[in-house]
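Okay, coords.cif is below, mmCIF, C-alpha atoms and all ligand atoms:
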data_data
loop_
_atom_site.label_atom_id
_atom_site.label_comp_id
_atom_site.auth_asym_id
_atom_site.auth_seq_id
_atom_site.Cartn_x
_atom_site.Cartn_y
_atom_site.Cartn_z
CA MET A 240 134.45 136.82 60.31
CA ALA A 241 133.83 140.26 61.83
CA VAL A 242 133.04 140.21 65.55
CA THR A 243 129.96 142.21 66.57
CA PRO A 244 131.02 144.88 69.10
CA ARG A 245 129.54 144.51 72.56
CA THR A 246 127.11 147.26 73.55
CA ILE A 247 127.30 148.82 77.01
CA GLY A 248 124.80 151.33 78.41
CA VAL A 249 126.16 154.43 80.13
CA VAL A 250 123.65 156.54 82.06
CA GLY A 251 124.67 160.08 83.03
CA ALA A 252 126.89 162.03 80.64
CA GLY A 253 128.48 164.45 83.10
CA SER A 254 132.16 164.73 84.05
CA ILE A 255 132.73 161.04 84.57
CA GLY A 256 130.00 159.47 82.40
CA ALA A 257 131.27 161.21 79.26
CA SER A 258 134.77 160.03 80.02
CA VAL A 259 133.67 156.41 80.68
CA CYS A 260 131.82 156.48 77.35
CA ALA A 261 134.99 157.67 75.58
CA ASP A 262 137.05 154.98 77.31
CA LEU A 263 134.64 152.24 76.17
CA VAL A 264 134.66 153.50 72.57
CA LEU A 265 138.46 153.67 72.53
CA HIS A 266 138.44 149.99 73.51
CA GLY A 267 136.11 148.86 70.75
CA PHE A 268 132.75 148.84 72.54
CA HIS A 269 129.54 150.36 71.29
CA VAL A 270 127.75 152.59 73.79
CA VAL A 271 124.21 153.79 74.38
CA LEU A 272 124.76 157.05 76.31
CA VAL A 273 121.71 158.42 78.15
CA ASP A 274 121.33 161.79 79.82
CA THR A 275 118.17 163.74 80.56
CA VAL A 276 119.90 166.99 79.52
CA PRO A 277 120.62 167.26 75.77
CA THR A 278 123.47 169.78 76.23
CA GLN A 279 125.27 167.20 78.37
CA LEU A 280 125.15 164.83 75.40
CA ASP A 281 126.63 167.58 73.20
CA ARG A 282 129.42 167.97 75.73
CA ALA A 283 129.99 164.22 75.75
CA ARG A 284 130.53 164.36 71.97
CA GLU A 285 133.25 166.96 72.62
CA VAL A 286 134.82 164.77 75.31
CA LEU A 287 134.86 161.81 72.90
CA THR A 288 136.39 163.98 70.17
CA GLU A 289 139.11 165.15 72.54
CA ALA A 290 139.76 161.57 73.74
CA VAL A 291 140.13 160.28 70.17
CA ARG A 292 142.44 163.16 69.18
CA PHE A 293 144.64 163.44 72.25
CA GLY A 294 144.16 160.20 74.25
CA PRO A 295 146.71 158.14 72.30
CA MET A 296 149.28 160.96 72.56
CA VAL A 297 148.96 161.19 76.33
CA ARG A 298 148.59 157.46 76.98
CA PRO A 299 150.56 155.50 74.41
CA GLY A 300 148.86 152.17 73.87
CA LEU A 301 145.41 153.68 73.43
CA PRO A 302 144.24 152.85 69.91
CA ARG A 303 144.00 155.53 67.24
CA LEU A 304 140.44 155.69 65.92
CA ASP A 305 138.82 157.48 63.05
CA LEU A 306 136.71 160.23 64.65
CA ALA A 307 133.64 159.52 62.51
CA ASP A 308 133.78 155.82 63.46
CA ALA A 309 134.14 156.72 67.14
CA LEU A 310 131.15 159.06 67.06
CA ALA A 311 129.12 156.45 65.16
CA ALA A 312 129.81 153.90 67.92
CA VAL A 313 127.69 155.90 70.37
CA ARG A 314 123.96 156.34 70.42
CA PHE A 315 123.44 159.67 72.21
CA THR A 316 119.95 159.73 73.67
CA THR A 317 117.68 161.21 76.32
CA GLU A 318 115.50 158.06 76.40
CA LEU A 319 116.24 155.42 79.01
CA GLU A 320 114.27 152.90 76.91
CA ASP A 321 117.10 152.97 74.33
CA LEU A 322 119.16 150.88 76.77
CA THR A 323 117.17 147.81 75.76
CA GLY A 324 119.66 145.44 74.15
CA CYS A 325 122.65 146.56 76.27
CA GLU A 326 124.42 143.69 78.03
CA PHE A 327 125.56 145.82 81.00
CA VAL A 328 124.89 149.34 82.29
CA VAL A 329 127.34 151.71 83.97
CA GLU A 330 125.41 154.32 85.93
CA ASN A 331 126.94 157.77 86.49
CA VAL A 332 124.09 160.09 87.46
CA SER A 333 124.51 162.79 90.11
CA GLU A 334 125.73 161.77 93.58
CA HIS A 335 122.27 162.22 95.06
CA TRP A 336 120.53 159.28 96.66
CA GLU A 337 116.96 160.01 95.52
CA THR A 338 118.12 160.55 91.93
CA LYS A 339 119.97 157.24 91.91
CA ARG A 340 117.17 155.39 93.71
CA GLU A 341 114.51 156.51 91.24
CA LEU A 342 116.78 155.62 88.30
CA TYR A 343 117.56 152.09 89.58
CA ARG A 344 113.88 151.38 90.03
CA ARG A 345 113.30 152.36 86.40
CA LEU A 346 116.33 150.42 85.12
CA ASP A 347 115.24 147.35 87.05
CA ALA A 348 111.76 147.46 85.52
CA LEU A 349 113.15 148.07 82.02
CA LEU A 350 116.00 145.62 81.60
CA PRO A 351 116.12 141.79 81.70
CA ALA A 352 117.30 140.19 84.94
CA GLU A 353 120.64 139.07 83.48
CA VAL A 354 121.75 142.65 82.76
CA GLY A 355 124.19 143.80 85.43
CA PHE A 356 124.46 147.31 86.86
CA GLY A 357 127.81 148.98 87.56
CA VAL A 358 127.34 151.75 90.12
CA ASN A 359 129.87 154.52 89.50
CA THR A 360 129.39 156.37 92.77
CA SER A 361 131.80 158.33 94.94
CA SER A 362 130.35 157.33 98.27
CA ILE A 363 127.06 155.39 98.23
CA PRO A 364 127.41 151.75 99.32
CA VAL A 365 126.63 149.25 96.58
CA GLY A 366 124.39 147.24 98.90
CA ARG A 367 122.12 150.24 99.34
CA VAL A 368 121.66 150.49 95.58
CA ALA A 369 121.34 146.72 95.11
CA ALA A 370 118.47 146.62 97.62
CA GLU A 371 116.42 148.84 95.29
CA THR A 372 116.56 146.19 92.55
CA SER A 373 115.32 142.65 92.02
CA ARG A 374 118.87 141.56 91.00
CA PRO A 375 121.17 142.43 93.92
CA ASP A 376 123.56 139.67 92.76
CA ARG A 377 124.11 141.61 89.48
CA VAL A 378 124.91 144.97 91.09
CA ILE A 379 128.51 145.98 91.67
CA GLY A 380 130.45 149.19 92.31
CA ILE A 381 132.85 150.43 89.62
CA HIS A 382 134.66 153.58 90.67
CA PHE A 383 136.32 155.11 87.63
CA MET A 384 138.69 158.03 88.07
CA ASN A 385 138.59 161.05 85.78
CA PRO A 386 139.46 161.11 82.89
CA ALA A 387 138.73 157.38 82.75
CA TYR A 388 140.58 156.74 79.47
CA LEU A 389 143.86 158.03 80.92
CA LYS A 390 143.74 156.02 84.15
CA GLU A 391 145.28 152.62 84.50
CA ALA A 392 143.24 151.26 87.41
CA VAL A 393 139.69 151.14 88.71
CA GLU A 394 138.43 150.58 92.26
CA VAL A 395 135.78 147.84 92.25
CA MET A 396 133.38 147.47 95.19
CA ARG A 397 131.82 144.09 95.75
CA GLY A 398 128.58 144.28 97.72
CA ASP A 399 127.50 141.50 100.11
CA ALA A 400 125.01 140.23 97.52
CA THR A 401 127.23 140.64 94.43
CA SER A 402 127.72 137.20 92.86
CA GLN A 403 131.09 135.77 91.89
CA GLU A 404 129.81 135.55 88.30
CA CYS A 405 129.00 139.27 88.27
CA LEU A 406 132.42 140.10 89.72
CA ASP A 407 134.15 137.91 87.12
CA ASP A 408 132.15 139.48 84.27
CA VAL A 409 133.01 142.98 85.41
CA LEU A 410 136.70 142.20 85.89
CA ALA A 411 136.71 140.81 82.32
CA LEU A 412 134.93 143.91 81.01
CA LEU A 413 137.45 146.19 82.73
CA SER A 414 140.33 144.10 81.48
CA GLY A 415 138.91 144.63 77.98
CA MET A 416 139.20 148.36 78.72
CA GLY A 417 142.87 147.90 79.57
CA LYS A 418 142.31 148.46 83.29
CA GLU A 419 143.89 146.98 86.33
CA THR A 420 141.34 146.43 89.06
CA ILE A 421 141.54 146.78 92.82
CA VAL A 422 138.65 145.07 94.58
CA VAL A 423 137.64 146.59 97.91
CA GLY A 424 134.79 146.09 100.37
CA ASP A 425 131.50 147.94 100.44
CA PHE A 426 131.55 150.88 102.86
CA PRO A 427 130.69 154.56 102.31
CA GLY A 428 133.38 156.31 100.24
CA PHE A 429 135.30 153.03 99.80
CA VAL A 430 139.07 153.32 100.14
CA SER A 431 139.61 156.19 97.69
CA ASN A 432 137.02 158.74 98.68
CA ARG A 433 136.72 158.16 102.40
CA ILE A 434 140.33 159.36 102.48
CA SER A 435 140.57 161.76 99.52
CA HIS A 436 137.55 163.87 100.37
CA LEU A 437 138.93 164.73 103.81
CA PHE A 438 142.04 165.75 101.99
CA PHE A 439 140.14 167.99 99.50
CA ASN A 440 138.14 169.55 102.32
CA GLU A 441 141.20 170.31 104.46
CA ALA A 442 143.03 171.75 101.45
CA SER A 443 140.08 174.08 100.90
CA ARG A 444 140.22 175.09 104.58
CA VAL A 445 143.94 175.85 104.34
CA VAL A 446 143.10 178.33 101.55
CA GLU A 447 140.14 179.72 103.50
CA ASP A 448 141.70 179.95 106.98
CA HIS A 449 145.27 180.88 106.14
CA GLY A 450 145.06 182.67 102.78
CA VAL A 451 147.38 180.16 101.07
CA GLU A 452 147.11 180.27 97.26
CA PRO A 453 145.61 177.07 95.74
CA ALA A 454 148.68 176.79 93.48
CA VAL A 455 150.92 176.71 96.56
CA VAL A 456 148.85 173.96 98.22
CA ASP A 457 149.00 171.86 95.06
CA GLU A 458 152.70 172.56 94.49
CA VAL A 459 153.53 171.13 97.94
CA PHE A 460 151.71 167.92 97.08
CA ARG A 461 153.21 167.62 93.59
CA LYS A 462 156.80 168.54 94.41
CA CYS A 463 157.21 167.38 97.99
CA PHE A 464 155.01 164.28 98.01
CA GLY A 465 155.46 163.43 94.34
CA HIS A 466 151.70 163.34 93.65
CA LEU A 467 150.80 163.83 89.98
CA MET A 468 148.17 166.38 90.96
CA GLY A 469 147.49 168.35 94.13
CA PRO A 470 144.18 168.14 96.04
CA LEU A 471 142.62 171.35 94.74
CA GLU A 472 143.34 170.73 91.06
CA THR A 473 141.98 167.20 91.56
CA ALA A 474 138.81 168.57 93.18
CA ASP A 475 138.39 170.98 90.24
CA LEU A 476 138.77 168.07 87.81
CA ILE A 477 136.17 165.95 89.63
CA GLY A 478 133.73 168.88 89.88
CA LEU A 479 133.25 170.82 93.12
CA ASP A 480 129.50 170.05 93.13
CA THR A 481 130.25 166.32 93.06
CA VAL A 482 132.91 166.77 95.78
CA LEU A 483 130.42 168.61 98.00
CA LEU A 484 127.63 166.06 97.39
CA THR A 485 130.10 163.30 98.24
CA LEU A 486 131.13 165.05 101.47
CA GLU A 487 127.44 165.43 102.40
CA SER A 488 126.83 161.76 101.69
CA LEU A 489 129.87 160.76 103.80
CA HIS A 490 128.69 163.06 106.60
CA ASP A 491 125.25 161.38 106.51
CA SER A 492 126.87 157.95 106.61
CA TYR A 493 129.49 158.49 109.29
CA GLY A 494 128.01 161.41 111.26
CA ASP A 495 131.55 162.78 111.44
CA ASP A 496 131.82 166.58 111.18
CA ARG A 497 135.19 166.31 109.45
CA PHE A 498 133.06 165.64 106.35
CA LEU A 499 131.16 168.95 106.63
CA GLY A 500 132.08 170.85 103.46
CA SER A 501 134.24 173.94 104.07
CA ALA A 502 132.58 177.36 103.73
CA LEU A 503 134.80 178.14 100.73
CA LEU A 504 133.76 174.95 98.94
CA ARG A 505 130.08 175.61 99.64
CA ASP A 506 130.46 179.21 98.45
CA LYS A 507 132.07 178.10 95.17
CA VAL A 508 129.32 175.56 94.51
CA ALA A 509 126.55 178.04 95.39
CA SER A 510 128.00 180.55 92.91
CA GLY A 511 128.36 177.98 90.10
CA ARG A 512 132.17 177.86 90.22
CA LEU A 513 132.29 174.07 89.89
CA GLY A 514 135.84 173.58 88.56
CA ARG A 515 136.87 172.55 85.07
CA LYS A 516 133.35 171.87 83.89
CA THR A 517 132.28 175.52 84.32
CA GLY A 518 135.69 177.07 83.58
CA GLU A 519 136.27 178.25 87.15
CA GLY A 520 136.76 176.63 90.54
CA PHE A 521 139.92 176.94 92.61
CA TYR A 522 141.52 177.84 89.26
CA THR A 523 140.33 179.52 86.05
CA TYR A 524 140.37 177.45 82.83
CA ARG A 525 140.29 178.44 79.19
CA PRO A 526 138.21 176.27 76.81
CA THR A 527 140.21 173.77 74.72
CA PRO A 528 140.57 175.24 71.18
N1 LIG B 601 133.47 163.40 88.65
C1 LIG B 601 134.24 162.39 88.94
O1 LIG B 601 135.47 162.47 88.80
C2 LIG B 601 133.66 161.08 89.42
C3 LIG B 601 134.50 159.96 89.50
C4 LIG B 601 133.95 158.73 89.89
C5 LIG B 601 132.60 158.64 90.22
N2 LIG B 601 131.83 159.76 90.17
C6 LIG B 601 130.41 159.58 90.49
O2 LIG B 601 129.73 159.51 89.23
C7 LIG B 601 128.45 160.12 89.34
C8 LIG B 601 128.37 161.31 88.39
O3 LIG B 601 129.30 162.29 88.80
P1 LIG B 601 129.69 163.52 87.86
O4 LIG B 601 130.78 164.24 88.55
O5 LIG B 601 129.87 163.08 86.46
O6 LIG B 601 128.35 164.40 87.99
P2 LIG B 601 127.81 165.50 86.98
O7 LIG B 601 126.92 166.35 87.79
O8 LIG B 601 128.93 166.12 86.23
O9 LIG B 601 126.95 164.63 85.94
C9 LIG B 601 125.79 163.93 86.30
C10 LIG B 601 124.96 163.74 85.05
O10 LIG B 601 123.83 162.90 85.35
C11 LIG B 601 122.73 163.39 84.60
N3 LIG B 601 121.52 162.86 85.19
C12 LIG B 601 120.95 163.16 86.40
N4 LIG B 601 119.84 162.41 86.58
C13 LIG B 601 119.71 161.60 85.50
C14 LIG B 601 118.80 160.58 85.12
N5 LIG B 601 117.78 160.24 85.90
N6 LIG B 601 118.98 159.96 83.92
C15 LIG B 601 120.03 160.28 83.12
N7 LIG B 601 120.94 161.24 83.43
C16 LIG B 601 120.78 161.89 84.61
C17 LIG B 601 122.88 164.90 84.68
O11 LIG B 601 122.15 165.56 83.66
C18 LIG B 601 124.39 165.05 84.50
O12 LIG B 601 124.75 165.16 83.13
C19 LIG B 601 128.29 160.52 90.81
O13 LIG B 601 127.69 159.48 91.51
C20 LIG B 601 129.74 160.69 91.25
O14 LIG B 601 129.88 160.54 92.64
C21 LIG B 601 132.31 160.97 89.76
#
Transcribe the structure of this file into structure tokens.
Amino acid sequence: MAVTPRTIGVVGAGSIGASVCADLVLHGFHVVLVDTVPTQLDRAREVLTEAVRFGPMVRPGLPRLDLADALAAVRFTTELEDLTGCEFVVENVSEHWETKRELYRRLDALLPAEVGFGVNTSSIPVGRVAAETSRPDRVIGIHFMNPAYLKEAVEVMRGDATSQECLDDVLALLSGMGKETIVVGDFPGFVSNRISHLFFNEASRVVEDHGVEPAVVDEVFRKCFGHLMGPLETADLIGLDTVLLTLESLHDSYGDDRFLGSALLRDKVASGRLGRKTGEGFYTYRPTP
């Protein structure tokens, strides 16, 4: 007997949301993908196409799917109401507190109490989000890295109110996506970004203050430290707007000026040079043919 695929809601189809959607589809889930901006949904179709074509080549073990089947597994929509019927929602809207707060209020009013919310944030504590809902026990942090379908592990943040049942459900969901999970506590930036964003910011300052080429900064990290990617190419992949919003959020939380975004980073964001997603950041990118 055929098993009905499970349907997961994904809200926000930007850099990470599109990639989480692709990861879910590659692992046999159906997805309702919501974004308020239709062109972002068009881009998410391209990300899914690329993931189906190249994902299994880059990460052996990822299943090979028929592209038409993969595209048919996603409902691309601008309407939040289309999430009705999803068993779980992964939220990936911009790293801006008021945007997230307004969205969680709407999601909470729309969806039954048993539906859990996975907060894919770079810095906002899960407890702060959970407090905006009537189901704090069903709210948990899931920090995917980009591109989600090529990464083997996910950082999971358990809030004070997150129930054991919710944690178990999410660990099972992530296991179904072929992920290892690392559960950490609930503090701004968590383990990954409290550390990495200082690193991105200082790398930007090394370019700004000392005229070092971005490629040289990254080469030191790749060749000397053995990192797969250097800090500036990683920042470009994340999106420099998201990096700057995350630094601002960490600065608000900790009041520590080390999190004040460098002038170069702010200048790049102000001029729309956001990294891979706009074709230019610390590096220049050509579109994939
Ligand atoms: N970029 C990464 O590598 C990465 C990794 C992990 C977590 N995150 C976190 O994920 C979230 C998204 O980051 P991003 O880099 O993809 O940002 P992004 O700016 O690329 O995309 C955000 C998307 O959210 C959409 N959006 C905004 N408000 C919305 C709403 N009310 N309803 C539906 N869609 C809405 C925007 O149109 C946009 O497409 C942030 O909280 C970020 O901190 C990002």
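Between atom CA of A:Val451 and atom C1 of ligand LIG 601 (chain B) there is a distance of 25.2 Å.
With distances taken over all atoms listed in the file, A:Leu476 is the one residue among A:Val446, A:Leu476, A:Leu350, A:Val264 lying closest to ligand LIG 601 (chain B).
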Exercise answer, 6 Å around ligand LIG 601 (chain B) with only C-alpha atoms and all ligand atoms, as JSON, numbers by chain: {"A": [250, 251, 252, 253, 254, 255, 256, 273, 274, 275, 276, 279, 331, 332, 333, 334, 338, 342, 359, 360, 361, 382, 383, 384, 385, 477, 478, 481]}
Length of the atom CA of A:Gly398 to atom CA of A:Ala370 vector [Å]: 10.4 Å
Residue contacts of A:Met396 (8 Å, all atoms listed in the file) excluding same-chain residues fewer than 2 positions away, as a ChimeraX atom specification: /A:365,379-382,394,398,422-425,429
Using only C-alpha atoms, what does the table of stretch 403-477 of chain A residues within 12 Å of stretch 288-301 of chain A look like, with each row giving the shortest atom pair and its distance in Å to one decimal, sorted by chain and ascending number, as CSV?
residue,atom,partner,partner_atom,distance
A:Met416,CA,A:Leu301,CA,9.7
A:Gly417,CA,A:Leu301,CA,8.8
A:Lys418,CA,A:Leu301,CA,11.6
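Contact shell of stretch 492-509 of chain A at 8 Å (only C-alpha atoms; same-chain neighbours under 3 positions omitted): Pro427, His436, Leu437, Asn440, Glu441, Ser443, Arg444, Glu447, Leu479, Asp480, Leu483, Leu486, Glu487, Ser488, Leu489, Arg512, Leu513 and Gly520 of chain A.
With only C-alpha atoms as the atoms that count, the minimum distance from A:Thr473 to the choices A:Pro386, A:Ala311, A:Val259, A:Gly511 is reached by A:Pro386.
For the pair atom CA of A:Ala261 and atom CA of A:Val393, the separation is 15.4 Å.
Shortest separation to A:Glu353 among A:Gly469, A:Pro453, A:Pro526, A:Gly324 occurs at residue A:Gly324, atoms counted being only C-alpha atoms.
With distances taken over all atoms listed in the file, A:Thr523 is the one residue among A:Gly428, A:Phe438, A:Thr523, A:Glu320 lying closest to A:Asp475.
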Non-local contacts of A:Leu263 (10 Å; all atoms listed in the file; under 4 positions in same chain excluded) as an MDAnalysis selection string: chainID A and resid 245:247 249 258:259 267:270 312:313 387:388 412:413 415:417
Please produce a file of those selected residues containing C-alpha atoms, as a tab-separated table (two decimals), keeping the file's coordinate frame.
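This went into result34.tsv:
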chain	number	residue	atom	x	y	z
A	245	ARG	CA	129.54	144.51	72.56
A	246	THR	CA	127.11	147.26	73.55
A	247	ILE	CA	127.30	148.82	77.01
A	249	VAL	CA	126.16	154.43	80.13
A	258	SER	CA	134.77	160.03	80.02
A	259	VAL	CA	133.67	156.41	80.68
A	267	GLY	CA	136.11	148.86	70.75
A	268	PHE	CA	132.75	148.84	72.54
A	269	HIS	CA	129.54	150.36	71.29
A	270	VAL	CA	127.75	152.59	73.79
A	312	ALA	CA	129.81	153.90	67.92
A	313	VAL	CA	127.69	155.90	70.37
A	387	ALA	CA	138.73	157.38	82.75
A	388	TYR	CA	140.58	156.74	79.47
A	412	LEU	CA	134.93	143.91	81.01
A	413	LEU	CA	137.45	146.19	82.73
A	415	GLY	CA	138.91	144.63	77.98
A	416	MET	CA	139.20	148.36	78.72
A	417	GLY	CA	142.87	147.90	79.57
Could you extract stretch 395-409 of chain A of the given structure into a file holding N, CA, C and O atoms, as a PDB file, in the first residue's frame?
ATOM      1  N   VAL A 395      19.950  22.269  16.828  1.00  0.00           N
ATOM      2  CA  VAL A 395      18.565  22.333  17.321  1.00  0.00           C
ATOM      3  C   VAL A 395      18.577  23.056  18.671  1.00  0.00           C
ATOM      4  O   VAL A 395      19.357  22.711  19.554  1.00  0.00           O
ATOM      5  N   MET A 396      17.707  24.059  18.830  1.00  0.00           N
ATOM      6  CA  MET A 396      17.672  24.824  20.064  1.00  0.00           C
ATOM      7  C   MET A 396      16.380  24.504  20.805  1.00  0.00           C
ATOM      8  O   MET A 396      15.288  24.752  20.306  1.00  0.00           O
ATOM      9  N   ARG A 397      16.550  23.959  21.976  1.00  0.00           N
ATOM     10  CA  ARG A 397      15.384  23.650  22.805  1.00  0.00           C
ATOM     11  C   ARG A 397      15.127  24.813  23.760  1.00  0.00           C
ATOM     12  O   ARG A 397      15.985  25.165  24.568  1.00  0.00           O
ATOM     13  N   GLY A 398      13.947  25.419  23.637  1.00  0.00           N
ATOM     14  CA  GLY A 398      13.589  26.506  24.551  1.00  0.00           C
ATOM     15  C   GLY A 398      13.182  25.948  25.910  1.00  0.00           C
ATOM     16  O   GLY A 398      12.928  24.738  26.041  1.00  0.00           O
ATOM     17  N   ASP A 399      13.077  26.819  26.918  1.00  0.00           N
ATOM     18  CA  ASP A 399      12.685  26.366  28.257  1.00  0.00           C
ATOM     19  C   ASP A 399      11.332  25.668  28.236  1.00  0.00           C
ATOM     20  O   ASP A 399      11.090  24.738  29.005  1.00  0.00           O
ATOM     21  N   ALA A 400      10.430  26.147  27.359  1.00  0.00           N
ATOM     22  CA  ALA A 400       9.065  25.603  27.349  1.00  0.00           C
ATOM     23  C   ALA A 400       8.891  24.450  26.358  1.00  0.00           C
ATOM     24  O   ALA A 400       7.851  23.793  26.350  1.00  0.00           O
ATOM     25  N   THR A 401       9.895  24.210  25.505  1.00  0.00           N
ATOM     26  CA  THR A 401       9.750  23.163  24.480  1.00  0.00           C
ATOM     27  C   THR A 401       9.561  21.802  25.153  1.00  0.00           C
ATOM     28  O   THR A 401      10.370  21.404  26.003  1.00  0.00           O
ATOM     29  N   SER A 402       8.514  21.075  24.758  1.00  0.00           N
ATOM     30  CA  SER A 402       8.245  19.788  25.405  1.00  0.00           C
ATOM     31  C   SER A 402       9.179  18.697  24.864  1.00  0.00           C
ATOM     32  O   SER A 402       9.710  18.803  23.750  1.00  0.00           O
ATOM     33  N   GLN A 403       9.317  17.646  25.647  1.00  0.00           N
ATOM     34  CA  GLN A 403      10.113  16.500  25.211  1.00  0.00           C
ATOM     35  C   GLN A 403       9.492  15.890  23.951  1.00  0.00           C
ATOM     36  O   GLN A 403      10.198  15.479  23.029  1.00  0.00           O
ATOM     37  N   GLU A 404       8.157  15.873  23.898  1.00  0.00           N
ATOM     38  CA  GLU A 404       7.464  15.301  22.736  1.00  0.00           C
ATOM     39  C   GLU A 404       7.801  16.098  21.464  1.00  0.00           C
ATOM     40  O   GLU A 404       8.084  15.517  20.413  1.00  0.00           O
ATOM     41  N   CYS A 405       7.807  17.409  21.594  1.00  0.00           N
ATOM     42  CA  CYS A 405       8.134  18.258  20.443  1.00  0.00           C
ATOM     43  C   CYS A 405       9.576  18.003  20.007  1.00  0.00           C
ATOM     44  O   CYS A 405       9.867  17.844  18.818  1.00  0.00           O
ATOM     45  N   LEU A 406      10.480  17.940  20.981  1.00  0.00           N
ATOM     46  CA  LEU A 406      11.885  17.669  20.655  1.00  0.00           C
ATOM     47  C   LEU A 406      12.009  16.318  19.941  1.00  0.00           C
ATOM     48  O   LEU A 406      12.665  16.207  18.896  1.00  0.00           O
ATOM     49  N   ASP A 407      11.343  15.296  20.473  1.00  0.00           N
ATOM     50  CA  ASP A 407      11.425  13.961  19.866  1.00  0.00           C
ATOM     51  C   ASP A 407      10.872  13.976  18.440  1.00  0.00           C
ATOM     52  O   ASP A 407      11.450  13.379  17.534  1.00  0.00           O
ATOM     53  N   ASP A 408       9.743  14.662  18.242  1.00  0.00           N
ATOM     54  CA  ASP A 408       9.139  14.739  16.902  1.00  0.00           C
ATOM     55  C   ASP A 408      10.094  15.397  15.911  1.00  0.00           C
ATOM     56  O   ASP A 408      10.240  14.960  14.764  1.00  0.00           O
ATOM     57  N   VAL A 409      10.738  16.465  16.365  1.00  0.00           N
ATOM     58  CA  VAL A 409      11.619  17.207  15.462  1.00  0.00           C
ATOM     59  C   VAL A 409      12.895  16.412  15.168  1.00  0.00           C
ATOM     60  O   VAL A 409      13.385  16.395  14.030  1.00  0.00           O
TER      61      VAL A 409
END
